[in-house]
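Student: Next up, protein_8.tsv (TSV, C-alpha atoms).
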chain	number	residue	atom	x	y	z
A	2	MET	CA	40.45	30.14	7.13
A	3	MET	CA	42.67	33.21	6.77
A	4	PRO	CA	41.93	36.71	5.40
A	5	LYS	CA	44.08	39.00	3.31
A	6	ILE	CA	42.88	42.54	2.63
A	7	SER	CA	43.94	45.13	0.07
A	8	ASN	CA	42.27	48.26	-1.28
A	9	GLY	CA	43.16	50.27	-4.37
A	10	SER	CA	42.12	52.98	-6.80
A	11	THR	CA	41.63	51.11	-10.10
A	12	PHE	CA	39.35	48.15	-10.83
A	13	GLY	CA	40.91	46.99	-14.10
A	14	GLY	CA	44.03	45.38	-12.65
A	15	ILE	CA	42.38	43.52	-9.80
A	16	VAL	CA	39.55	42.26	-12.03
A	17	ASN	CA	42.08	40.93	-14.56
A	18	TYR	CA	43.92	39.15	-11.75
A	19	ALA	CA	40.84	37.78	-9.98
A	20	ASN	CA	39.21	36.58	-13.20
A	21	ASP	CA	42.32	35.11	-14.84
A	22	ILE	CA	40.77	32.03	-16.40
A	23	LYS	CA	43.88	30.89	-18.30
A	24	ASP	CA	46.37	30.78	-15.42
A	25	LYS	CA	44.13	30.46	-12.36
A	26	ASP	CA	41.20	28.46	-13.77
A	27	THR	CA	38.82	30.97	-12.22
A	28	THR	CA	35.13	30.35	-11.67
A	29	ILE	CA	32.58	32.91	-10.47
A	30	LEU	CA	30.53	31.83	-7.46
A	31	ALA	CA	28.28	34.87	-6.94
A	32	SER	CA	27.89	38.51	-7.92
A	33	ARG	CA	25.72	41.53	-7.27
A	34	GLY	CA	24.99	44.49	-9.54
A	35	VAL	CA	27.77	43.79	-12.06
A	36	ASP	CA	27.72	43.10	-15.80
A	37	LEU	CA	29.72	39.86	-16.09
A	38	ARG	CA	30.08	39.55	-19.86
A	39	SER	CA	33.83	40.30	-19.75
A	40	ASN	CA	36.50	41.74	-17.48
A	41	TYR	CA	36.00	45.02	-19.30
A	42	THR	CA	32.30	45.24	-18.43
A	43	ILE	CA	32.94	44.10	-14.84
A	44	ALA	CA	35.45	46.93	-14.31
A	45	LYS	CA	33.20	49.46	-16.05
A	46	SER	CA	30.25	48.49	-13.83
A	47	PHE	CA	32.32	49.13	-10.72
A	48	LYS	CA	33.70	52.42	-12.04
A	49	ILE	CA	30.28	53.86	-12.85
A	50	GLN	CA	28.99	53.27	-9.35
A	51	ALA	CA	32.22	54.66	-7.87
A	52	MET	CA	31.48	57.95	-9.67
A	53	MET	CA	28.62	58.50	-7.21
A	54	ASN	CA	31.20	59.55	-4.61
A	55	GLN	CA	34.24	61.05	-6.26
A	56	ARG	CA	35.80	61.95	-2.91
A	57	VAL	CA	36.74	58.29	-2.41
A	58	GLN	CA	40.16	57.80	-3.94
A	59	ASN	CA	40.62	54.12	-3.02
A	60	CYS	CA	37.23	52.87	-4.11
A	61	VAL	CA	38.41	49.32	-4.89
A	62	GLY	CA	37.73	46.81	-2.12
A	63	HIS	CA	39.42	43.42	-2.31
A	64	PHE	CA	40.02	40.53	0.06
A	65	ALA	CA	40.98	36.88	-0.21
A	66	LEU	CA	39.92	34.02	2.06
A	67	SER	CA	42.27	31.02	2.10
A	68	PHE	CA	41.65	27.53	3.47
A	69	PRO	CA	44.43	25.10	4.43
A	70	PRO	CA	44.76	21.75	2.61
A	71	GLU	CA	43.28	19.98	5.67
A	72	ASP	CA	39.90	21.53	4.80
A	73	ALA	CA	39.95	20.65	1.09
A	74	HIS	CA	37.13	18.09	1.47
A	75	ARG	CA	34.89	20.80	2.94
A	76	CYS	CA	35.57	23.40	0.27
A	77	THR	CA	32.65	23.02	-2.11
A	78	ASP	CA	31.66	26.04	-4.16
A	79	GLY	CA	28.53	26.45	-2.06
A	80	PHE	CA	30.35	26.33	1.26
A	81	MET	CA	33.05	28.79	0.17
A	82	ARG	CA	30.42	31.12	-1.24
A	83	LYS	CA	28.47	30.99	2.03
A	84	LEU	CA	31.53	31.81	4.14
A	85	ALA	CA	32.61	34.65	1.84
A	86	MET	CA	29.18	36.25	2.01
A	87	GLU	CA	28.92	35.73	5.75
A	88	TYR	CA	32.32	37.35	6.21
A	89	MET	CA	31.23	40.32	4.11
A	90	LYS	CA	28.12	40.83	6.20
A	91	LYS	CA	30.08	40.75	9.47
A	92	MET	CA	32.65	43.19	8.05
A	93	GLY	CA	29.87	45.62	7.08
A	94	ILE	CA	30.34	45.11	3.34
A	95	THR	CA	26.67	45.35	2.38
A	96	ASP	CA	24.45	47.12	-0.16
A	97	THR	CA	27.19	47.25	-2.77
A	98	GLN	CA	28.47	45.60	-5.93
A	99	PHE	CA	30.71	42.55	-5.62
A	100	VAL	CA	31.97	39.45	-7.42
A	101	ILE	CA	33.25	36.28	-5.72
A	102	PHE	CA	35.97	34.51	-7.73
A	103	ARG	CA	37.33	31.05	-6.91
A	104	HIS	CA	40.87	30.16	-7.96
A	105	HIS	CA	42.16	26.63	-8.62
A	106	ASP	CA	45.88	27.36	-9.07
A	107	HIS	CA	47.22	26.31	-5.64
A	108	ASP	CA	46.99	23.31	-3.34
A	109	HIS	CA	45.00	25.41	-0.86
A	110	ASP	CA	41.49	26.49	-1.78
A	111	HIS	CA	40.84	30.23	-1.84
A	112	VAL	CA	38.44	32.87	-3.10
A	113	HIS	CA	39.00	36.49	-4.09
A	114	VAL	CA	36.21	39.01	-3.59
A	115	VAL	CA	36.23	42.35	-5.39
A	116	TYR	CA	33.69	44.90	-4.17
A	117	ASN	CA	32.90	48.58	-4.50
A	118	ARG	CA	33.71	50.73	-1.46
A	119	VAL	CA	31.12	53.19	-2.77
A	120	ASN	CA	27.81	51.52	-1.97
A	121	ASP	CA	24.49	51.68	-3.80
A	122	PHE	CA	23.62	54.97	-2.07
A	123	GLY	CA	26.93	56.72	-2.73
A	124	LYS	CA	28.14	56.21	0.84
A	125	THR	CA	31.63	54.98	1.72
A	126	ILE	CA	32.21	51.49	3.14
A	127	SER	CA	34.81	52.03	5.85
A	128	ASP	CA	38.12	50.18	5.87
A	129	GLY	CA	39.05	51.29	9.40
A	130	CYS	CA	40.76	48.61	11.55
A	131	ASP	CA	40.02	46.10	8.78
A	132	VAL	CA	42.96	43.76	9.37
A	133	GLU	CA	42.44	43.19	13.08
A	134	ARG	CA	38.66	43.00	12.74
A	135	ALA	CA	38.98	40.58	9.82
A	136	ILE	CA	41.29	38.27	11.76
A	137	ALA	CA	38.96	38.22	14.76
A	138	ILE	CA	35.95	37.39	12.56
A	139	CYS	CA	37.83	34.68	10.64
A	140	GLN	CA	39.03	33.08	13.87
A	141	ALA	CA	35.47	33.00	15.21
A	142	MET	CA	34.12	31.54	11.94
A	143	THR	CA	36.96	29.00	11.78
A	144	ARG	CA	36.11	27.82	15.27
A	145	HIS	CA	32.36	27.76	14.62
A	146	TYR	CA	32.57	25.70	11.43
A	147	GLY	CA	35.26	23.34	12.72
A	148	LEU	CA	37.85	24.44	10.16
A	149	HIS	CA	41.63	24.61	10.53
A	150	TRP	CA	43.61	27.76	11.21
A	151	SER	CA	46.84	27.73	9.22
A	152	ASP	CA	49.87	26.86	11.30
A	153	GLY	CA	51.73	29.75	9.66
A	154	LYS	CA	54.76	30.58	11.79
A	155	MET	CA	54.59	27.23	13.59
A	156	LYS	CA	55.84	25.52	10.43
A	157	VAL	CA	58.86	27.77	9.90
A	158	ASN	CA	62.23	26.06	10.39
A	159	ARG	CA	63.85	28.07	13.20
A	160	ASP	CA	67.33	26.69	12.43
A	161	ARG	CA	67.41	28.47	9.07
A	162	LEU	CA	66.51	31.94	10.39
A	163	LYS	CA	68.99	34.83	10.29
A	164	GLY	CA	69.23	38.39	11.60
A	165	LYS	CA	66.12	40.02	13.02
A	166	ALA	CA	64.03	37.03	11.95
A	167	VAL	CA	65.65	35.08	14.81
A	168	VAL	CA	64.39	37.67	17.31
A	169	LYS	CA	60.98	37.89	15.68
A	170	TYR	CA	60.34	34.16	16.00
A	171	ALA	CA	61.84	34.05	19.51
A	172	ILE	CA	59.27	36.65	20.58
A	173	PHE	CA	56.49	34.77	18.80
A	174	ASP	CA	57.42	31.44	20.40
A	175	ALA	CA	57.70	33.04	23.85
A	176	ALA	CA	54.25	34.58	23.47
A	177	GLN	CA	52.74	31.22	22.52
A	178	LYS	CA	54.10	29.81	25.78
A	179	ALA	CA	53.05	32.80	27.89
A	180	LEU	CA	49.50	33.37	26.66
A	181	PRO	CA	47.77	30.09	27.70
A	182	GLY	CA	48.55	30.64	31.40
A	183	SER	CA	47.89	34.41	31.44
A	184	ARG	CA	44.63	35.94	32.56
A	185	THR	CA	45.74	39.56	32.85
A	186	TRP	CA	48.21	41.80	31.06
A	187	LYS	CA	50.47	41.64	34.14
A	188	ASP	CA	50.50	37.82	33.97
A	189	PHE	CA	51.50	37.95	30.31
A	190	ILE	CA	54.20	40.59	30.82
A	191	ASP	CA	55.70	38.67	33.77
A	192	ARG	CA	55.81	35.42	31.80
A	193	MET	CA	57.45	37.16	28.83
A	194	LYS	CA	60.02	38.75	31.16
A	195	GLU	CA	60.93	35.31	32.49
A	196	GLN	CA	61.88	34.43	28.89
A	197	GLY	CA	64.04	37.52	28.46
A	198	ILE	CA	61.50	39.68	26.60
A	199	GLN	CA	60.23	43.10	27.71
A	200	VAL	CA	56.67	44.15	26.84
A	201	LYS	CA	55.56	47.79	26.74
A	202	VAL	CA	52.04	49.09	26.16
A	203	ALA	CA	51.64	52.76	25.24
A	204	PRO	CA	49.59	55.08	23.01
A	205	ARG	CA	50.57	55.04	19.36
A	206	GLU	CA	52.23	58.03	17.78
A	207	GLY	CA	49.63	60.72	17.22
A	208	GLY	CA	47.48	59.32	20.01
A	209	LYS	CA	45.47	57.04	17.71
A	210	GLY	CA	44.80	53.97	19.82
A	211	MET	CA	47.17	51.81	21.82
A	212	GLY	CA	50.16	49.77	20.70
A	213	VAL	CA	52.35	47.02	22.11
A	214	VAL	CA	56.15	46.76	21.67
A	215	PHE	CA	58.31	43.69	22.38
A	216	THR	CA	62.03	44.05	23.12
A	217	LYS	CA	64.64	41.28	23.18
A	218	GLY	CA	68.22	42.42	23.68
A	219	ASN	CA	68.67	45.57	21.63
A	220	VAL	CA	65.92	44.75	19.09
A	221	SER	CA	62.37	46.09	19.48
A	222	MET	CA	59.36	45.15	17.35
A	223	SER	CA	55.69	46.08	17.41
A	224	GLY	CA	53.15	43.34	17.95
A	225	TYR	CA	51.98	43.87	14.36
A	226	GLN	CA	55.51	43.21	13.07
A	227	VAL	CA	55.82	40.00	15.09
A	228	ASP	CA	52.41	38.53	14.24
A	229	ARG	CA	49.47	40.63	13.13
A	230	ARG	CA	47.04	37.75	13.68
A	231	SER	CA	47.68	37.34	17.40
A	232	LEU	CA	50.10	39.86	18.92
A	233	THR	CA	48.70	43.31	18.11
A	234	PHE	CA	47.30	45.25	21.04
A	235	TYR	CA	43.78	44.70	19.75
A	236	MET	CA	44.15	40.92	19.57
A	237	LEU	CA	45.96	40.60	22.90
A	238	ASN	CA	43.46	42.83	24.67
A	239	GLN	CA	40.69	40.41	23.73
A	240	GLN	CA	42.45	37.66	25.65
A	241	LEU	CA	43.97	39.60	28.56
A	242	TRP	CA	42.26	41.64	31.29
A	243	ASN	CA	43.04	44.71	33.41
A	244	ILE	CA	45.01	46.82	30.93
A	245	ASN	CA	44.43	49.96	33.03
A	246	ALA	CA	46.67	48.59	35.78
A	247	LEU	CA	49.61	49.24	33.45
A	248	LEU	CA	48.65	52.75	32.36
A	249	PRO	CA	48.68	56.22	33.95
A	250	LYS	CA	45.19	57.28	34.97
A	251	ASP	CA	44.94	59.83	32.16
A	252	GLN	CA	45.43	56.99	29.63
A	253	TRP	CA	42.90	54.58	31.11
A	254	LEU	CA	40.66	52.86	28.60
A	255	PRO	CA	36.98	52.06	29.16
A	256	ASP	CA	36.37	48.50	30.31
A	257	GLU	CA	33.81	47.72	27.58
A	258	PRO	CA	33.97	48.07	24.69
A	259	MET	CA	37.68	48.43	23.93
A	260	ILE	CA	37.99	48.98	20.18
A	261	HIS	CA	34.96	47.07	18.90
A	262	GLU	CA	32.12	45.81	21.02
A	263	VAL	CA	33.23	42.41	22.25
A	264	LYS	CA	31.09	39.73	23.83
A	265	PHE	CA	32.92	36.71	25.18
A	266	ASP	CA	31.82	33.12	24.94
A	267	ASP	CA	31.81	31.74	28.47
A	268	MET	CA	31.75	28.18	27.13
A	269	ASP	CA	35.16	28.62	25.50
A	270	SER	CA	37.58	30.06	28.05
A	271	ASP	CA	40.82	29.31	26.21
A	272	VAL	CA	40.23	31.79	23.39
A	273	ARG	CA	38.14	34.90	23.95
A	274	LEU	CA	36.89	36.16	20.60
A	275	PRO	CA	33.86	38.19	19.56
A	276	LYS	CA	30.63	36.24	19.68
A	277	VAL	CA	29.05	36.07	16.24
A	278	SER	CA	25.83	34.64	14.88
A	279	PHE	CA	25.76	32.07	12.09
A	280	GLY	CA	23.08	30.99	9.66
A	281	LYS	CA	22.12	27.50	8.62
A	282	GLU	CA	24.63	25.48	6.58
A	283	ASP	CA	22.50	25.74	3.42
A	284	GLU	CA	21.53	29.39	3.92
A	285	TYR	CA	23.83	30.91	1.33
A	286	VAL	CA	22.18	34.25	0.68
A	287	GLU	CA	19.48	36.52	2.03
A	288	ASP	CA	19.74	39.23	-0.63
A	289	SER	CA	17.59	38.44	-3.66
A	290	SER	CA	19.73	40.78	-5.77
A	291	VAL	CA	22.71	38.44	-5.43
A	292	ASN	CA	23.27	36.09	-8.36
A	293	ILE	CA	24.32	32.55	-7.45
A	294	TYR	CA	26.11	30.37	-10.02
A	295	ASP	CA	25.96	26.61	-9.58
A	296	ASP	CA	25.27	23.36	-11.43
A	297	ASN	CA	21.60	24.27	-11.82
A	298	ASN	CA	22.35	27.69	-13.26
A	299	GLU	CA	24.87	27.08	-16.04
A	300	SER	CA	22.91	29.25	-18.46
A	301	ALA	CA	23.25	32.34	-16.27
A	302	PHE	CA	26.07	33.89	-18.27
A	303	PHE	CA	25.56	37.40	-16.96
A	304	ASP	CA	23.18	39.41	-14.85
A	305	THR	CA	20.65	40.81	-17.33
A	306	GLU	CA	19.29	43.34	-14.85
A	307	ALA	CA	22.82	44.54	-14.12
A	308	ALA	CA	23.51	44.76	-17.85
A	309	ALA	CA	20.42	46.90	-18.38
A	310	GLU	CA	21.33	49.10	-15.42
A	311	PHE	CA	24.89	49.29	-16.74
A	312	ALA	CA	23.67	50.56	-20.12
A	313	SER	CA	21.38	53.07	-18.42
A	314	ASN	CA	24.20	54.32	-16.22
A	315	VAL	CA	26.52	54.69	-19.23
A	316	ALA	CA	23.94	56.93	-20.88
A	317	ALA	CA	23.46	58.92	-17.69
A	318	ALA	CA	27.21	59.29	-17.27
A	319	ALA	CA	27.52	60.55	-20.85
A	320	VAL	CA	24.87	63.20	-20.20
A	321	GLU	CA	26.57	64.16	-16.95
A	322	LEU	CA	29.92	64.59	-18.67
A	323	ALA	CA	28.27	66.76	-21.31
A	324	VAL	CA	26.43	69.13	-18.95
A	325	GLY	CA	28.69	68.93	-15.90
A	326	PRO	CA	28.50	66.75	-12.77
A	327	ALA	CA	25.55	66.96	-10.44
A	328	VAL	CA	26.12	67.58	-6.74
A	329	VAL	CA	25.71	64.26	-4.93
A	330	PRO	CA	25.45	64.10	-1.11
A	331	THR	CA	28.32	61.99	0.24
A	332	SER	CA	29.39	60.59	3.55
A	333	GLY	CA	33.06	61.44	3.03
A	334	GLY	CA	35.67	59.11	4.48
A	335	GLY	CA	37.65	58.57	1.31
A	336	GLY	CA	39.75	61.67	0.98
A	337	GLY	CA	41.61	62.83	-2.06
A	338	GLY	CA	40.41	63.37	-5.57
A	339	SER	CA	38.95	60.98	-8.08
A	340	SER	CA	41.27	61.75	-10.96
A	341	SER	CA	43.95	59.37	-9.70
A	342	GLY	CA	43.82	56.09	-11.52
A	343	TRP	CA	40.32	55.82	-12.94
A	344	GLY	CA	41.41	56.39	-16.50
A	345	ASP	CA	44.20	53.83	-16.10
A	346	ASP	CA	41.68	51.01	-16.41
A	347	ASP	CA	41.05	51.87	-20.04
A	348	ASP	CA	44.68	51.46	-21.10
A	349	ASP	CA	44.30	47.70	-21.07
A	350	ASP	CA	40.79	47.35	-22.49
A	351	GLU	CA	41.61	44.69	-25.06
A	352	LYS	CA	43.22	42.47	-22.45
A	353	LYS	CA	40.15	42.77	-20.24
A	354	LYS	CA	37.80	41.79	-23.06
A	355	ARG	CA	39.64	38.51	-23.63
A	356	ASN	CA	38.70	37.01	-20.27
A	357	ARG	CA	35.06	36.03	-20.47
A	358	PRO	CA	33.83	34.86	-17.06
A	359	LYS	CA	33.54	31.16	-16.41
A	360	PHE	CA	30.96	30.07	-13.88
A	361	HIS	CA	30.70	27.07	-11.56
A	362	ARG	CA	31.51	23.88	-13.39
Can the structure in the file be given as structure tokens, please?

Tutor:
Amino acid sequence: MMPKISNGSTFGGIVNYANDIKDKDTTILASRGVDLRSNYTIAKSFKIQAMMNQRVQNCVGHFALSFPPEDAHRCTDGFMRKLAMEYMKKMGITDTQFVIFRHHDHDHDHVHVVYNRVNDFGKTISDGCDVERAIAICQAMTRHYGLHWSDGKMKVNRDRLKGKAVVKYAIFDAAQKALPGSRTWKDFIDRMKEQGIQVKVAPREGGKGMGVVFTKGNVSMSGYQVDRRSLTFYMLNQQLWNINALLPKDQWLPDEPMIHEVKFDDMDSDVRLPKVSFGKEDEYVEDSSVNIYDDNNESAFFDTEAAAEFASNVAAAAVELAVGPAVVPTSGGGGGGSSSGWGDDDDDDEKKKRNRPKFHR
């Protein structure tokens, strides 16, 4: 199970992509607070709620969860829905609108989730450190549910690499050999040095957190450039101890927590990842406002409560535009203005209306 995260400023494009029934044979697995009658109404529902906090420029939240072919027999609609919603909860994506779309256009099963970064109360859902946090959570969930982690770089044919790609994969391969026998940062650095690779840990530019740089010959690459799933400072620091032994005293980091609060599973010493709690296999949803679409709910074409709320919000928005916007308390965190991109969704209205949502078969 692998995550891919992207945020944006307009809902129209991502909704058209995620709910592309013709080319991707999309089905909707679950939704919350969204009018599902068409792509047009889905995007409009998101946009209206986003108006509650116009300081958030990139109000569109989107991520995909992919499963390797080895797990195809496990990937029922219910199981994929459960994992998507569990992932959202652990990432702090709660109390907001979302739709879970399943695509059937590749040999690997995957879902796309579109959500509103402006929650039901007008507050901003943070996207800080999303990539590293997402990878850590997905690795823990993959291990818990007995799924497969994609081999990724392990399957790349090294003989066909050229240029800097040769160095990149040489660093990656060396790290895979060095990590299993390393308990501390010094162990890891010594083992990498034996393979001709220098490792440097230092504050990032601007002083925002720590970074790790690998150097082979005259080529240097950050851990993120080599492999963002395993070789960033954040990911390495969850497996290696005693980072302060490498740093000047004025750069020492607190022992616990480092970046996020981390609790290690003593029963699994080979991979130290955040400890997470999991529900029962059939416990798909705790929020009664979430709409589940399955074989027993074929008639649920759209959320009637969301449709009524949508109509009410349209009327309220029309009044607001006529008399001027009200002052809404916000939590900030988005930056920028709201004028960028919102109107762009309307340029393609007819295209959006053509894709009527298809639910679980």

Student: Figure out the distance between atom CA of Lys5 of chain A and atom CA of Met81 of chain A, please, to one decimal in Å.

Tutor: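 Separation of atom CA of Met81 of chain A and atom CA of Lys5 of chain A: 15.4 Å.
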
Student: To one decimal in Å, tell me the separation between atom CA of Pro4 of chain A and atom CA of Ile198 of chain A.

Tutor: 29.0 Å

Student: Restrict the calculation to all atoms listed in the file, then for each residue of segment 71-111 of chain A with any atom at most 9 Å from an atom of segment 34-52 of chain A give the closest atom pair and their distance in Å to one decimal, rows by chain and rising residue number, as CSV.

Tutor:
residue,atom,partner,partner_atom,distance
A:Thr97,CA,A:Gly34,CA,7.6
A:Gln98,CA,A:Gly34,CA,5.1
A:Phe99,CA,A:Val35,CA,7.2
A:Val100,CA,A:Val35,CA,7.6

Student: Counting all atoms listed in the file, write as a list in words all protein and nucleic acid residues lying at most 8 Å from (33.0, 50.8, 6.3) in the file's frame.

Tutor: Met92, Gly93, Ile94, Arg118, Thr125, Ile126, Ser127, Asp128 and Gly129 of chain A

Student: Which residues of segment 142-194 of chain A come within 10 Å of segment 209-225 of chain A, and what is each one's closest atom pair and distance in Å (one decimal), counting all atoms listed in the file, sorted by chain and residue number, as a tab-separated table?

Tutor:
residue	atom	partner	partner_atom	distance
A:Lys165	CA	A:Val220	CA	7.7
A:Val168	CA	A:Lys217	CA	6.9
A:Lys169	CA	A:Met222	CA	7.6
A:Ala171	CA	A:Lys217	CA	8.6
A:Ile172	CA	A:Phe215	CA	7.3
A:Phe173	CA	A:Gly224	CA	9.2
A:Ile190	CA	A:Phe215	CA	9.9
A:Met193	CA	A:Phe215	CA	9.2
A:Lys194	CA	A:Lys217	CA	9.6

Student: Would you work out the distance separating atom CA of Tyr294 of chain A from atom CA of Ser32 of chain A, expressed in Å to one decimal?

Tutor: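 For atom CA of Tyr294 of chain A relative to atom CA of Ser32 of chain A, the distance reads 8.6 Å.
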
Student: Tell me which of A:Ser7, A:Thr95, A:Gln226, A:Gln240 sits closest to Asp188 of chain A, counting only C-alpha atoms.

Tutor: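 Between A:Ser7, A:Thr95, A:Gln226, A:Gln240, the residue approaching Asp188 of chain A most closely is A:Gln240.
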
Student: Can you pull out every residue within 9 Å of Ile15 of chain A, counting only C-alpha atoms, but drop anything in the same chain fewer than 3 positions away, and send it as a PyMOL selection string?

Tutor: chain A and resi 9+11-12+18-20+44+61+63+115

Student: Write out as a compact mmCIF listing (two decimals) with C-alpha atoms, keeping the file's coordinate frame which residues come within 8 Å of Ile138 of chain A when counting all atoms listed in the file, dropping same-chain ones fewer than 2 positions away.

Tutor:
# COMPACT_ATOMS: atom_id res chain seq x y z
CA TYR A 88 32.32 37.35 6.21
CA LYS A 91 30.08 40.75 9.47
CA ARG A 134 38.66 43.00 12.74
CA ALA A 135 38.98 40.58 9.82
CA ILE A 136 41.29 38.27 11.76
CA GLN A 140 39.03 33.08 13.87
CA ALA A 141 35.47 33.00 15.21
CA MET A 142 34.12 31.54 11.94
CA PRO A 275 33.86 38.19 19.56
CA VAL A 277 29.05 36.07 16.24

Student: Please list as a short mmCIF file (atom, residue, chain, number, x, y, z; two decimals) with C-alpha atoms, keeping the file's coordinate frame every residue within 9 Å of Met2 of chain A, counting only C-alpha atoms and excluding residues in the same chain fewer than 6 positions away.

Tutor:
data_model
loop_
_atom_site.label_atom_id
_atom_site.label_comp_id
_atom_site.auth_asym_id
_atom_site.auth_seq_id
_atom_site.Cartn_x
_atom_site.Cartn_y
_atom_site.Cartn_z
CA LEU A 66 39.92 34.02 2.06
CA SER A 67 42.27 31.02 2.10
CA PHE A 68 41.65 27.53 3.47
CA PRO A 69 44.43 25.10 4.43
CA ASP A 72 39.90 21.53 4.80
CA HIS A 111 40.84 30.23 -1.84
CA CYS A 139 37.83 34.68 10.64
CA GLN A 140 39.03 33.08 13.87
CA MET A 142 34.12 31.54 11.94
CA THR A 143 36.96 29.00 11.78
CA LEU A 148 37.85 24.44 10.16
CA HIS A 149 41.63 24.61 10.53
CA TRP A 150 43.61 27.76 11.21
CA SER A 151 46.84 27.73 9.22
#

Student: Let me make sure I understand: among A:Asp106, A:Val16, A:Ser10, A:Leu84, which one has the smallest atom-to-atom distance to Asn59 of chain A if we use all atoms listed in the file?

Tutor: A:Ser10

Student: For segment 176-181 of chain A, which lacks atoms in the input, supply all heavy atoms and format the output as a short mmCIF file (atom, residue, chain, number, x, y, z; two decimals), in the coordinates of the input.

Tutor:
data_model
loop_
_atom_site.label_atom_id
_atom_site.label_comp_id
_atom_site.auth_asym_id
_atom_site.auth_seq_id
_atom_site.Cartn_x
_atom_site.Cartn_y
_atom_site.Cartn_z
N ALA A 176 55.64 34.17 23.26
CA ALA A 176 54.25 34.58 23.47
C ALA A 176 53.30 33.39 23.44
O ALA A 176 52.33 33.33 24.21
CB ALA A 176 53.84 35.60 22.40
N GLN A 177 53.59 32.41 22.57
CA GLN A 177 52.74 31.22 22.52
C GLN A 177 52.82 30.42 23.81
O GLN A 177 51.86 29.75 24.21
CB GLN A 177 53.14 30.33 21.33
CG GLN A 177 53.09 31.03 19.98
CD GLN A 177 51.81 31.84 19.76
OE1 GLN A 177 50.70 31.31 19.82
NE2 GLN A 177 51.97 33.13 19.53
N LYS A 178 53.96 30.48 24.48
CA LYS A 178 54.10 29.81 25.78
C LYS A 178 53.46 30.61 26.90
O LYS A 178 52.90 30.04 27.85
CB LYS A 178 55.58 29.59 26.10
CG LYS A 178 56.30 28.64 25.15
CD LYS A 178 57.78 28.54 25.52
CE LYS A 178 58.52 27.63 24.55
NZ LYS A 178 59.99 27.57 24.86
N ALA A 179 53.52 31.95 26.80
CA ALA A 179 53.05 32.80 27.89
C ALA A 179 51.53 32.98 27.89
O ALA A 179 50.92 33.07 28.96
CB ALA A 179 53.73 34.17 27.80
N LEU A 180 50.91 33.03 26.74
CA LEU A 180 49.50 33.37 26.66
C LEU A 180 48.56 32.36 27.34
O LEU A 180 47.64 32.75 28.06
CB LEU A 180 49.07 33.57 25.20
CG LEU A 180 49.35 34.96 24.63
CD1 LEU A 180 49.12 34.97 23.13
CD2 LEU A 180 48.47 36.00 25.30
N PRO A 181 48.74 31.04 27.13
CA PRO A 181 47.77 30.09 27.70
C PRO A 181 47.61 30.20 29.22
O PRO A 181 46.52 29.97 29.74
CB PRO A 181 48.34 28.72 27.31
CG PRO A 181 49.13 28.99 26.06
CD PRO A 181 49.73 30.34 26.29
#
